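The structure appears right after this line, and notes come after that.
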Amino acid sequence: MLRFVLQRLLATIPLLLIVSLLVFSLVLLIPGDPAFQLAGEDATPEEVEAIREAMGLNDPVMVRYVRWLGGVVQGDLGTSLFSDQPVLDVLLERLPVTLSLAVTAILISLAIAIPAGIITGTRPGSLADRVVTVGSSVGLAVPNFWLGLMLVLLLAIRHAWFPATGYVPISDSVSGWWAHIVLPAFTLGLAAAAILTRQLRGAMVDVMDQDYVRTARAKGLPERAVTVKHAFKNAAIPMVTILGVQTNSLLGGTIIVEQIFGMPGIGQLAVASVFTRDLPMIQGVVIMAVVVAVLVNLLVDVSYGYFNPKVRPK
Amino acid sequence: MAGPLLDIEGLNVDFLTDQGWVTVVRDVSLSVAPGETVGLVGESGSGKTITSLSVMRLVPDPPGRITGGSIRFDGRDLLTLPERAMRQVRGNDIAMVFQESMTSLNPAFTIGDQIAEAVRHHLGLGRRAAVDRAVEVLDLVGIPAPRDRVDHYPHEFSGGMRQRAAIAMALACEPRLLIADEPTTALDVTVQAQVLELLRSLQQRLGMAMLFITHNLGVVADVCDRVSVMYAGQVVEVADVVDLFEAPAHPYTEGLLRSMPQLGVRGEPLATIPGNPPLPWAMPEGCRFHPRCPYATDACRSGAPALTERGGGHFSRCLRLAEIELTGAV
């Protein structure tokens, strides 16, 4: 298993190299000159030129790329153009916010999708099935910025059951963290819950017709063991694939949700950095996003082995 | 003998199809004595699998529904048992082996896990004892190195080994009746012979009764004591296996025997029964076999024959039973 993980990690190196090239070319593609920005509006061309020279912006592209990449692999993502803090420090400070938001959102979506998918998948055409199908269509159709705002209006402002904005680290207060995380996580996870429910329902309908489900019944197992143990483990295989894809798009969703709920996470940082043209920070955010996506895919691949022994590495 | 272990009386099973409700198993009666092996023979669609699934109360519902009759096992009517009590019967008193060992084992769990599960559920054994039992039954069905093989997944077994494992799973709780639904059909011929031999020897060693479902009369001759022949949802002949082969009492059985390939007969095309079995929603009037029967008369087209005894426990559903002379295989 360890070997499998290492192999997979090695296989991502070419991918990361390509991504690093793309990230680096952001600097070249984005209009505007960071040297101008840094020098300020009143700077003379000589001052701008001096800054450009100091930043190494006059060197050939390849030289700049290699120099930048050398720093990146050593954990040096550069310095924020505005706060002068190292990019990596800022990212690591904000990462827990986004991670706890994303992980909670995934857990909420699974907590909805697994029971809903099993119940509807074992009783296709029932009332519960129709209610859930309509519900998941709504869940898919509702944009998360609208849902977030409505939840804030209703549950935070009108009823004051939850704080409207902000974030408390879990290390400071678990209840405070939960109160702050539950609305944004629900907002973020609802669409994923809808998609996962549909996926699981379809897979369950299919699996319940399989011969091994009949065998499990012929053994005299209670229906619950037949569906939750025998059928679910097989039906979970396609769901895990979708979960990986959903996790990545959900990380994208944190950009909007963190804005709405005023959470100091990576998403908010990304938006702020784009507005201030803080290129090293934008690069750092993108690299971090790619690394997280690669890790999520790896996790998905590893969990395949659990659900489907046929793909388990020998 | 204290009466049959399994006694099916007048079983009717309906299915909801595009054509509405149709009766796919009509008035089927069948009995299996303790320790006896009864063959249930018929073409695909004759209702033999549905009959066997009815015994386990595993007919898919919807679309299927048992609409009449009784299935007594050891004196208790299984059709009126509460679901909870029925689950105690399944896998414990009556176990089943299915045709497709490829798909009837769960690919996501080890063989040992799947055997141990039934043992833990019915016999209340602990995890370790259940695995030991799994190893024991894998050994019993002739799987080499069973201690290692319990941890393997179905896809790591060959077809024949998988069917042996499925048999082991069925035997784990020492059922009194084993229903084998075409257990050798999906296997290649040499493996078929091995699995048949295994079933026969296990049946004798463990003294269990067996209901053996097949479309292959050669297999019937190998393992069965008595045979019920099904055609178009009805039992058309019941006989001792020797009787059936020597002196069939139904034209359909005669046709089946004739279409068996025989050693030593060369150069002649195999005999066939002309036509196709009727569709469940378009059953012919009168005798259901008459459109394909070489002996059919006008009486057969209008009057539905009852299952009548010819003597010596040999039953046939044929109006012309007394008039026609049928040839056997021996």
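By order in the structure tokens, chains are A, B, ...; within a chain, residues start at 1; ligands start at 1, following the order shown.
Residue neighbourhood of Gly112 in chain B, excluding near-sequence residues (fewer than 6 positions): Val131, Ala134, Val150 and Asp151 of chain B, at 7 Å, using only C-alpha atoms.
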Dump as a PDB file, in the first residue's frame, selection limited to C-alpha atoms:
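Result file again22.pdb:
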ATOM      1  CA  VAL B 131     -13.446 -18.093  10.484  1.00  0.00           C
ATOM      2  CA  ALA B 134     -15.114 -21.202   7.163  1.00  0.00           C
ATOM      3  CA  VAL B 150     -10.251 -17.669   3.384  1.00  0.00           C
ATOM      4  CA  ASP B 151      -8.629 -14.271   3.055  1.00  0.00           C
TER       5      ASP B 151
END
Would you list the contacts of Val97 in chain A as a tab-separated table (two decimals) with C-alpha atoms, in the first residue's frame, taking every protein, DNA or RNA residue within 8 Å and counting only C-alpha atoms, but skipping same-chain residues closer than 6 positions in sequence?
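Written output follows (result-v2.tsv):
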chain	number	residue	atom	x	y	z
A	167	TYR	CA	-14.44	32.19	12.32
A	169	PRO	CA	-10.39	28.14	15.44
A	263	MET	CA	-14.11	33.75	6.87
A	264	PRO	CA	-10.37	34.46	6.76
A	265	GLY	CA	-9.53	31.47	4.57
A	266	ILE	CA	-7.61	30.81	1.37
Inset, instruction - With a distance threshold of 8 Å and counting only C-alpha atoms, extract the residues of chain A near chain B and express them as JSON, numbers by chain. - result: {"A": [210, 211, 212, 213, 214, 215, 217, 218, 219, 220, 221, 222, 230, 233, 234, 307, 308, 309, 310]}
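Proximity of B:Arg288, B:Arg258, B:Arg176, B:His215 to Val41 in chain B, computed with only C-alpha atoms, is greatest for B:His215.
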Inset, instruction - From range 54-144 of chain B, collect each residue whose DSSP state is strand (DSSP E or B) and return the set as number ranges by chain. - result: B: 64-73, 76-77, 90, 94-97
Can I get the selected residues back with N, CA, C and O atoms, as a PDB file, in the first residue's frame?
ATOM      1  N   GLY B  64     -42.846 -10.083  -8.787  1.00  0.00           N
ATOM      2  CA  GLY B  64     -43.426 -11.405  -8.564  1.00  0.00           C
ATOM      3  C   GLY B  64     -44.272 -11.465  -7.312  1.00  0.00           C
ATOM      4  O   GLY B  64     -44.117 -10.634  -6.402  1.00  0.00           O
ATOM      5  N   ARG B  65     -45.171 -12.438  -7.245  1.00  0.00           N
ATOM      6  CA  ARG B  65     -46.014 -12.575  -6.071  1.00  0.00           C
ATOM      7  C   ARG B  65     -46.495 -14.023  -5.990  1.00  0.00           C
ATOM      8  O   ARG B  65     -46.948 -14.577  -6.986  1.00  0.00           O
ATOM      9  N   ILE B  66     -46.327 -14.608  -4.805  1.00  0.00           N
ATOM     10  CA  ILE B  66     -46.849 -15.960  -4.597  1.00  0.00           C
ATOM     11  C   ILE B  66     -48.331 -15.805  -4.285  1.00  0.00           C
ATOM     12  O   ILE B  66     -48.704 -15.140  -3.327  1.00  0.00           O
ATOM     13  N   THR B  67     -49.188 -16.400  -5.141  1.00  0.00           N
ATOM     14  CA  THR B  67     -50.617 -16.134  -4.987  1.00  0.00           C
ATOM     15  C   THR B  67     -51.393 -17.323  -4.455  1.00  0.00           C
ATOM     16  O   THR B  67     -52.589 -17.223  -4.228  1.00  0.00           O
ATOM     17  N   GLY B  68     -50.735 -18.465  -4.291  1.00  0.00           N
ATOM     18  CA  GLY B  68     -51.503 -19.584  -3.766  1.00  0.00           C
ATOM     19  C   GLY B  68     -50.631 -20.772  -3.450  1.00  0.00           C
ATOM     20  O   GLY B  68     -49.458 -20.830  -3.854  1.00  0.00           O
ATOM     21  N   GLY B  69     -51.190 -21.702  -2.683  1.00  0.00           N
ATOM     22  CA  GLY B  69     -50.482 -22.918  -2.357  1.00  0.00           C
ATOM     23  C   GLY B  69     -49.803 -22.834  -1.008  1.00  0.00           C
ATOM     24  O   GLY B  69     -49.914 -21.839  -0.297  1.00  0.00           O
ATOM     25  N   SER B  70     -49.126 -23.925  -0.680  1.00  0.00           N
ATOM     26  CA  SER B  70     -48.391 -23.931   0.577  1.00  0.00           C
ATOM     27  C   SER B  70     -47.029 -24.561   0.338  1.00  0.00           C
ATOM     28  O   SER B  70     -46.855 -25.355  -0.597  1.00  0.00           O
ATOM     29  N   ILE B  71     -46.055 -24.146   1.134  1.00  0.00           N
ATOM     30  CA  ILE B  71     -44.732 -24.756   1.074  1.00  0.00           C
ATOM     31  C   ILE B  71     -44.396 -25.171   2.501  1.00  0.00           C
ATOM     32  O   ILE B  71     -44.085 -24.320   3.335  1.00  0.00           O
ATOM     33  N   ARG B  72     -44.539 -26.455   2.784  1.00  0.00           N
ATOM     34  CA  ARG B  72     -44.285 -26.904   4.146  1.00  0.00           C
ATOM     35  C   ARG B  72     -42.873 -27.439   4.239  1.00  0.00           C
ATOM     36  O   ARG B  72     -42.448 -28.252   3.425  1.00  0.00           O
ATOM     37  N   PHE B  73     -42.165 -26.947   5.237  1.00  0.00           N
ATOM     38  CA  PHE B  73     -40.831 -27.460   5.510  1.00  0.00           C
ATOM     39  C   PHE B  73     -40.847 -28.009   6.923  1.00  0.00           C
ATOM     40  O   PHE B  73     -41.098 -27.251   7.871  1.00  0.00           O
ATOM     41  N   ARG B  76     -43.874 -26.979   8.934  1.00  0.00           N
ATOM     42  CA  ARG B  76     -44.270 -25.571   9.043  1.00  0.00           C
ATOM     43  C   ARG B  76     -44.502 -24.983   7.660  1.00  0.00           C
ATOM     44  O   ARG B  76     -43.705 -25.200   6.747  1.00  0.00           O
ATOM     45  N   ASP B  77     -45.575 -24.201   7.502  1.00  0.00           N
ATOM     46  CA  ASP B  77     -45.814 -23.554   6.212  1.00  0.00           C
ATOM     47  C   ASP B  77     -44.943 -22.300   6.101  1.00  0.00           C
ATOM     48  O   ASP B  77     -45.143 -21.321   6.820  1.00  0.00           O
ATOM     49  N   ARG B  90     -33.734 -19.430   6.193  1.00  0.00           N
ATOM     50  CA  ARG B  90     -32.809 -19.189   5.077  1.00  0.00           C
ATOM     51  C   ARG B  90     -31.358 -19.326   5.539  1.00  0.00           C
ATOM     52  O   ARG B  90     -30.967 -18.694   6.512  1.00  0.00           O
ATOM     53  N   ILE B  94     -32.465 -24.220   5.194  1.00  0.00           N
ATOM     54  CA  ILE B  94     -32.437 -24.388   3.740  1.00  0.00           C
ATOM     55  C   ILE B  94     -31.383 -23.445   3.185  1.00  0.00           C
ATOM     56  O   ILE B  94     -31.408 -22.247   3.473  1.00  0.00           O
ATOM     57  N   ALA B  95     -30.461 -23.982   2.425  1.00  0.00           N
ATOM     58  CA  ALA B  95     -29.444 -23.115   1.819  1.00  0.00           C
ATOM     59  C   ALA B  95     -29.508 -23.287   0.317  1.00  0.00           C
ATOM     60  O   ALA B  95     -30.079 -24.250  -0.190  1.00  0.00           O
ATOM     61  N   MET B  96     -28.923 -22.322  -0.378  1.00  0.00           N
ATOM     62  CA  MET B  96     -29.059 -22.328  -1.824  1.00  0.00           C
ATOM     63  C   MET B  96     -27.711 -22.070  -2.500  1.00  0.00           C
ATOM     64  O   MET B  96     -26.912 -21.262  -2.034  1.00  0.00           O
ATOM     65  N   VAL B  97     -27.485 -22.774  -3.588  1.00  0.00           N
ATOM     66  CA  VAL B  97     -26.315 -22.517  -4.432  1.00  0.00           C
ATOM     67  C   VAL B  97     -26.840 -22.071  -5.789  1.00  0.00           C
ATOM     68  O   VAL B  97     -27.740 -22.709  -6.341  1.00  0.00           O
TER      69      VAL B  97
END
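CA of Ile114 in chain A is positioned 6.8 Å from CA of Thr197 in chain A.
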Helix (DSSP H, G or I) per DSSP on the backbone: members of range 89-271 of chain B, as a tab-separated table (two decimals) with N, CA and C atoms, in the first residue's frame:
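So selection-v1.tsv came out as:
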chain	number	residue	atom	x	y	z
B	89	VAL	N	-34.79	-19.57	8.76
B	89	VAL	CA	-34.81	-20.76	7.90
B	89	VAL	C	-33.77	-20.62	6.79
B	101	SER	N	-21.52	-18.50	-10.27
B	101	SER	CA	-20.65	-18.28	-9.11
B	101	SER	C	-19.87	-16.98	-9.27
B	102	MET	N	-19.73	-16.53	-10.52
B	102	MET	CA	-19.03	-15.27	-10.78
B	102	MET	C	-19.76	-14.10	-10.13
B	103	THR	N	-21.07	-14.10	-10.26
B	103	THR	CA	-21.82	-12.93	-9.79
B	103	THR	C	-22.54	-13.18	-8.48
B	104	SER	N	-22.61	-14.43	-8.03
B	104	SER	CA	-23.37	-14.65	-6.81
B	104	SER	C	-22.52	-14.51	-5.55
B	111	ILE	N	-13.84	-14.35	0.69
B	111	ILE	CA	-14.60	-15.60	0.75
B	111	ILE	C	-14.88	-15.96	2.21
B	112	GLY	N	-13.84	-15.86	3.03
B	112	GLY	CA	-13.99	-16.24	4.44
B	112	GLY	C	-15.02	-15.38	5.14
B	113	ASP	N	-14.96	-14.10	4.85
B	113	ASP	CA	-15.92	-13.16	5.46
B	113	ASP	C	-17.35	-13.55	5.09
B	114	GLN	N	-17.53	-13.92	3.81
B	114	GLN	CA	-18.88	-14.22	3.35
B	114	GLN	C	-19.41	-15.53	3.93
B	115	ILE	N	-18.48	-16.47	4.20
B	115	ILE	CA	-18.93	-17.72	4.83
B	115	ILE	C	-19.18	-17.47	6.32
B	116	ALA	N	-18.22	-16.79	6.95
B	116	ALA	CA	-18.28	-16.58	8.39
B	116	ALA	C	-19.52	-15.78	8.78
B	117	GLU	N	-19.93	-14.89	7.89
B	117	GLU	CA	-21.08	-14.04	8.16
B	117	GLU	C	-22.34	-14.86	8.46
B	118	ALA	N	-22.59	-15.88	7.62
B	118	ALA	CA	-23.77	-16.72	7.82
B	118	ALA	C	-23.64	-17.52	9.11
B	119	VAL	N	-22.43	-18.00	9.36
B	119	VAL	CA	-22.19	-18.81	10.56
B	119	VAL	C	-22.41	-17.99	11.82
B	120	ARG	N	-21.89	-16.77	11.81
B	120	ARG	CA	-22.04	-15.91	12.99
B	120	ARG	C	-23.50	-15.56	13.19
B	121	HIS	N	-24.18	-15.34	12.08
B	121	HIS	CA	-25.58	-14.92	12.17
B	121	HIS	C	-26.46	-16.05	12.71
B	122	HIS	N	-26.26	-17.25	12.18
B	122	HIS	CA	-27.18	-18.34	12.55
B	122	HIS	C	-26.72	-19.12	13.77
B	123	LEU	N	-25.42	-19.38	13.86
B	123	LEU	CA	-24.95	-20.24	14.95
B	123	LEU	C	-24.42	-19.41	16.11
B	127	ARG	N	-16.11	-14.24	16.08
B	127	ARG	CA	-15.40	-13.99	14.83
B	127	ARG	C	-14.39	-15.09	14.51
B	128	ARG	N	-13.58	-15.43	15.54
B	128	ARG	CA	-12.52	-16.39	15.31
B	128	ARG	C	-13.09	-17.78	15.01
B	129	ALA	N	-14.09	-18.18	15.79
B	129	ALA	CA	-14.69	-19.50	15.60
B	129	ALA	C	-15.37	-19.58	14.24
B	130	ALA	N	-15.96	-18.46	13.80
B	130	ALA	CA	-16.64	-18.44	12.51
B	130	ALA	C	-15.63	-18.60	11.38
B	131	VAL	N	-14.48	-17.96	11.52
B	131	VAL	CA	-13.45	-18.09	10.48
B	131	VAL	C	-12.93	-19.53	10.46
B	132	ASP	N	-12.76	-20.12	11.66
B	132	ASP	CA	-12.33	-21.52	11.72
B	132	ASP	C	-13.34	-22.41	10.99
B	133	ARG	N	-14.61	-22.12	11.19
B	133	ARG	CA	-15.65	-22.89	10.52
B	133	ARG	C	-15.55	-22.71	9.00
B	134	ALA	N	-15.27	-21.48	8.59
B	134	ALA	CA	-15.11	-21.20	7.16
B	134	ALA	C	-13.97	-22.03	6.58
B	135	VAL	N	-12.86	-22.09	7.31
B	135	VAL	CA	-11.72	-22.88	6.85
B	135	VAL	C	-12.12	-24.35	6.73
B	136	GLU	N	-12.87	-24.81	7.74
B	136	GLU	CA	-13.32	-26.20	7.78
B	136	GLU	C	-14.17	-26.55	6.54
B	137	VAL	N	-15.15	-25.69	6.23
B	137	VAL	CA	-16.02	-26.03	5.10
B	137	VAL	C	-15.29	-25.85	3.76
B	138	LEU	N	-14.36	-24.91	3.70
B	138	LEU	CA	-13.58	-24.77	2.46
B	138	LEU	C	-12.77	-26.04	2.24
B	139	ASP	N	-12.24	-26.58	3.33
B	139	ASP	CA	-11.51	-27.83	3.26
B	139	ASP	C	-12.44	-28.96	2.81
B	140	LEU	N	-13.64	-28.96	3.37
B	140	LEU	CA	-14.64	-29.98	3.06
B	140	LEU	C	-14.97	-30.02	1.56
B	146	PRO	N	-6.92	-24.08	2.58
B	146	PRO	CA	-8.08	-23.25	2.95
B	146	PRO	C	-7.72	-22.15	3.94
B	147	ARG	N	-6.73	-22.38	4.79
B	147	ARG	CA	-6.33	-21.36	5.77
B	147	ARG	C	-5.89	-20.07	5.08
B	148	ASP	N	-5.22	-20.22	3.93
B	148	ASP	CA	-4.81	-19.02	3.17
B	148	ASP	C	-5.96	-18.49	2.33
B	149	ARG	N	-6.74	-19.43	1.79
B	149	ARG	CA	-7.76	-19.02	0.83
B	149	ARG	C	-8.92	-18.24	1.46
B	154	PRO	N	-13.28	-13.17	-4.18
B	154	PRO	CA	-13.81	-14.04	-5.24
B	154	PRO	C	-13.04	-13.95	-6.56
B	155	HIS	N	-12.57	-12.74	-6.91
B	155	HIS	CA	-11.90	-12.63	-8.23
B	155	HIS	C	-10.56	-13.34	-8.25
B	156	GLU	N	-10.07	-13.74	-7.08
B	156	GLU	CA	-8.81	-14.47	-7.04
B	156	GLU	C	-9.01	-15.98	-7.15
B	159	GLY	N	-13.29	-20.26	-11.73
B	159	GLY	CA	-14.73	-20.52	-11.77
B	159	GLY	C	-15.15	-21.71	-10.93
B	160	GLY	N	-14.44	-22.81	-11.09
B	160	GLY	CA	-14.78	-24.01	-10.34
B	160	GLY	C	-14.57	-23.81	-8.84
B	161	MET	N	-13.48	-23.13	-8.50
B	161	MET	CA	-13.18	-22.86	-7.09
B	161	MET	C	-14.24	-21.96	-6.47
B	162	ARG	N	-14.70	-20.99	-7.27
B	162	ARG	CA	-15.74	-20.09	-6.77
B	162	ARG	C	-17.02	-20.87	-6.47
B	163	GLN	N	-17.34	-21.81	-7.36
B	163	GLN	CA	-18.57	-22.57	-7.13
B	163	GLN	C	-18.39	-23.48	-5.91
B	164	ARG	N	-17.18	-24.01	-5.72
B	164	ARG	CA	-16.92	-24.78	-4.51
B	164	ARG	C	-17.08	-23.89	-3.27
B	165	ALA	N	-16.58	-22.67	-3.38
B	165	ALA	CA	-16.70	-21.75	-2.24
B	165	ALA	C	-18.17	-21.43	-1.96
B	166	ALA	N	-18.94	-21.27	-3.05
B	166	ALA	CA	-20.37	-20.99	-2.87
B	166	ALA	C	-21.06	-22.18	-2.20
B	167	ILE	N	-20.63	-23.39	-2.56
B	167	ILE	CA	-21.19	-24.59	-1.93
B	167	ILE	C	-20.79	-24.61	-0.45
B	168	ALA	N	-19.52	-24.29	-0.20
B	168	ALA	CA	-19.05	-24.24	1.20
B	168	ALA	C	-19.89	-23.26	2.01
B	169	MET	N	-20.18	-22.11	1.40
B	169	MET	CA	-20.98	-21.09	2.08
B	169	MET	C	-22.37	-21.62	2.41
B	170	ALA	N	-22.93	-22.38	1.46
B	170	ALA	CA	-24.27	-22.92	1.68
B	170	ALA	C	-24.26	-24.00	2.76
B	171	LEU	N	-23.15	-24.74	2.85
B	171	LEU	CA	-23.11	-25.87	3.78
B	171	LEU	C	-22.69	-25.45	5.19
B	189	VAL	N	-16.80	-28.49	-18.79
B	189	VAL	CA	-17.30	-29.85	-18.57
B	189	VAL	C	-16.55	-30.63	-17.49
B	190	THR	N	-15.21	-30.56	-17.50
B	190	THR	CA	-14.48	-31.34	-16.51
B	190	THR	C	-14.75	-30.83	-15.11
B	191	VAL	N	-14.84	-29.51	-14.98
B	191	VAL	CA	-15.12	-28.92	-13.67
B	191	VAL	C	-16.54	-29.27	-13.24
B	192	GLN	N	-17.45	-29.28	-14.22
B	192	GLN	CA	-18.83	-29.70	-13.94
B	192	GLN	C	-18.87	-31.05	-13.26
B	193	ALA	N	-18.12	-31.99	-13.83
B	193	ALA	CA	-18.12	-33.34	-13.30
B	193	ALA	C	-17.59	-33.35	-11.87
B	194	GLN	N	-16.54	-32.57	-11.62
B	194	GLN	CA	-15.98	-32.51	-10.26
B	194	GLN	C	-16.98	-31.95	-9.27
B	195	VAL	N	-17.66	-30.87	-9.67
B	195	VAL	CA	-18.59	-30.22	-8.75
B	195	VAL	C	-19.78	-31.13	-8.47
B	196	LEU	N	-20.23	-31.85	-9.52
B	196	LEU	CA	-21.32	-32.80	-9.33
B	196	LEU	C	-20.93	-33.90	-8.35
B	197	GLU	N	-19.73	-34.42	-8.56
B	197	GLU	CA	-19.23	-35.48	-7.70
B	197	GLU	C	-19.15	-34.98	-6.25
B	198	LEU	N	-18.68	-33.74	-6.12
B	198	LEU	CA	-18.57	-33.13	-4.79
B	198	LEU	C	-19.95	-33.04	-4.13
B	199	LEU	N	-20.93	-32.55	-4.88
B	199	LEU	CA	-22.27	-32.40	-4.32
B	199	LEU	C	-22.84	-33.75	-3.91
B	200	ARG	N	-22.62	-34.73	-4.76
B	200	ARG	CA	-23.17	-36.05	-4.47
B	200	ARG	C	-22.54	-36.63	-3.21
B	201	SER	N	-21.21	-36.51	-3.09
B	201	SER	CA	-20.57	-37.12	-1.93
B	201	SER	C	-20.92	-36.34	-0.66
B	202	LEU	N	-21.01	-35.02	-0.76
B	202	LEU	CA	-21.37	-34.22	0.41
B	202	LEU	C	-22.78	-34.56	0.87
B	203	GLN	N	-23.66	-34.72	-0.10
B	203	GLN	CA	-25.04	-35.01	0.21
B	203	GLN	C	-25.13	-36.32	0.99
B	204	GLN	N	-24.31	-37.30	0.58
B	204	GLN	CA	-24.34	-38.59	1.28
B	204	GLN	C	-23.69	-38.48	2.66
B	205	ARG	N	-22.56	-37.76	2.71
B	205	ARG	CA	-21.84	-37.66	4.00
B	205	ARG	C	-22.66	-36.89	5.02
B	206	LEU	N	-23.30	-35.83	4.59
B	206	LEU	CA	-23.99	-34.96	5.54
B	206	LEU	C	-25.46	-35.35	5.70
B	217	LEU	N	-30.52	-33.40	-18.50
B	217	LEU	CA	-30.97	-34.71	-18.02
B	217	LEU	C	-29.81	-35.63	-17.66
B	218	GLY	N	-28.68	-35.42	-18.30
B	218	GLY	CA	-27.50	-36.22	-17.96
B	218	GLY	C	-27.11	-36.01	-16.50
B	219	VAL	N	-27.18	-34.77	-16.06
B	219	VAL	CA	-26.87	-34.43	-14.68
B	219	VAL	C	-27.88	-35.08	-13.74
B	220	VAL	N	-29.13	-35.08	-14.17
B	220	VAL	CA	-30.20	-35.70	-13.37
B	220	VAL	C	-29.88	-37.17	-13.14
B	221	ALA	N	-29.52	-37.86	-14.21
B	221	ALA	CA	-29.22	-39.28	-14.10
B	221	ALA	C	-28.08	-39.52	-13.12
B	222	ASP	N	-27.14	-38.58	-13.08
B	222	ASP	CA	-25.98	-38.70	-12.20
B	222	ASP	C	-26.32	-38.57	-10.71
B	223	VAL	N	-27.15	-37.60	-10.37
B	223	VAL	CA	-27.26	-37.27	-8.95
B	223	VAL	C	-28.64	-37.51	-8.32
B	241	VAL	N	-36.00	-41.80	-10.83
B	241	VAL	CA	-35.10	-41.45	-11.92
B	241	VAL	C	-34.96	-42.59	-12.94
B	242	VAL	N	-34.91	-43.81	-12.45
B	242	VAL	CA	-34.75	-44.95	-13.37
B	242	VAL	C	-36.00	-45.09	-14.24
B	243	ASP	N	-37.16	-44.99	-13.57
B	243	ASP	CA	-38.44	-45.04	-14.29
B	243	ASP	C	-38.50	-44.01	-15.39
B	244	LEU	N	-38.08	-42.80	-15.02
B	244	LEU	CA	-38.19	-41.68	-15.97
B	244	LEU	C	-37.39	-41.97	-17.23
B	245	PHE	N	-36.19	-42.50	-17.04
B	245	PHE	CA	-35.35	-42.75	-18.20
B	245	PHE	C	-35.81	-43.98	-18.98
B	246	GLU	N	-36.29	-44.99	-18.25
B	246	GLU	CA	-36.69	-46.22	-18.93
B	246	GLU	C	-38.06	-46.10	-19.57
B	251	PRO	N	-45.04	-36.99	-23.23
B	251	PRO	CA	-44.37	-36.77	-24.52
B	251	PRO	C	-43.24	-35.73	-24.43
B	252	TYR	N	-43.37	-34.75	-23.52
B	252	TYR	CA	-42.31	-33.75	-23.39
B	252	TYR	C	-41.04	-34.41	-22.86
B	253	THR	N	-41.20	-35.27	-21.86
B	253	THR	CA	-40.04	-35.97	-21.31
B	253	THR	C	-39.39	-36.84	-22.39
B	254	GLU	N	-40.24	-37.51	-23.16
B	254	GLU	CA	-39.70	-38.32	-24.25
B	254	GLU	C	-38.87	-37.46	-25.22
B	255	GLY	N	-39.41	-36.28	-25.51
B	255	GLY	CA	-38.69	-35.36	-26.40
B	255	GLY	C	-37.35	-34.95	-25.80
B	256	LEU	N	-37.35	-34.66	-24.50
B	256	LEU	CA	-36.11	-34.27	-23.84
B	256	LEU	C	-35.09	-35.40	-23.91
B	257	LEU	N	-35.56	-36.63	-23.65
B	257	LEU	CA	-34.64	-37.77	-23.65
B	257	LEU	C	-34.06	-37.98	-25.05
B	258	ARG	N	-34.90	-37.80	-26.06
B	258	ARG	CA	-34.44	-37.99	-27.44
B	258	ARG	C	-33.41	-36.96	-27.85
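Omitting Gln268 in chain A and its sequence neighbours fewer than 6 positions away, and counting only C-alpha atoms, the residues within 7 Å are Ile255, Glu258 and Gln259 of chain A.
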Inset, instruction - Within 8 Å of Ala247 in chain B, counting only C-alpha atoms, which residues show up once you throw out same-chain ones fewer than 4 positions away? Write them as a VMD selection string, please. - result: chain B and resid 243 326 to 328
Inset, instruction - Quick one: everything within 10 Å of Gly166 in chain A, counting only C-alpha atoms, minus sequence neighbours fewer than 2 positions away in the same chain. Send it as a ChimeraX atom specification. - result: /A:163-164,168,177,180-181,258,260-264
Legend entry - Exercise: Gly39 in chain B partners within 6 Å, only C-alpha atoms, chain neighbours under 6 positions left out, as a ChimeraX atom specification: /B:211-213,224,227
Inset, instruction - Would you list the contacts of Val302 in chain A as a VMD selection string, taking every protein, DNA or RNA residue within 12 Å and counting only C-alpha atoms, but skipping same-chain residues closer than 3 positions in sequence? - result: chain A and resid 1 to 9 237 240 to 241 244 295 to 299 305 to 309 311 to 313
Legend entry - One-decimal distance in Å that lies between CA of Met281 in chain A and CA of Tyr65 in chain A: 16.1 Å
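Atom pair CA of Trp146 in chain A / CA of Val257 in chain A: separated by 10.1 Å.
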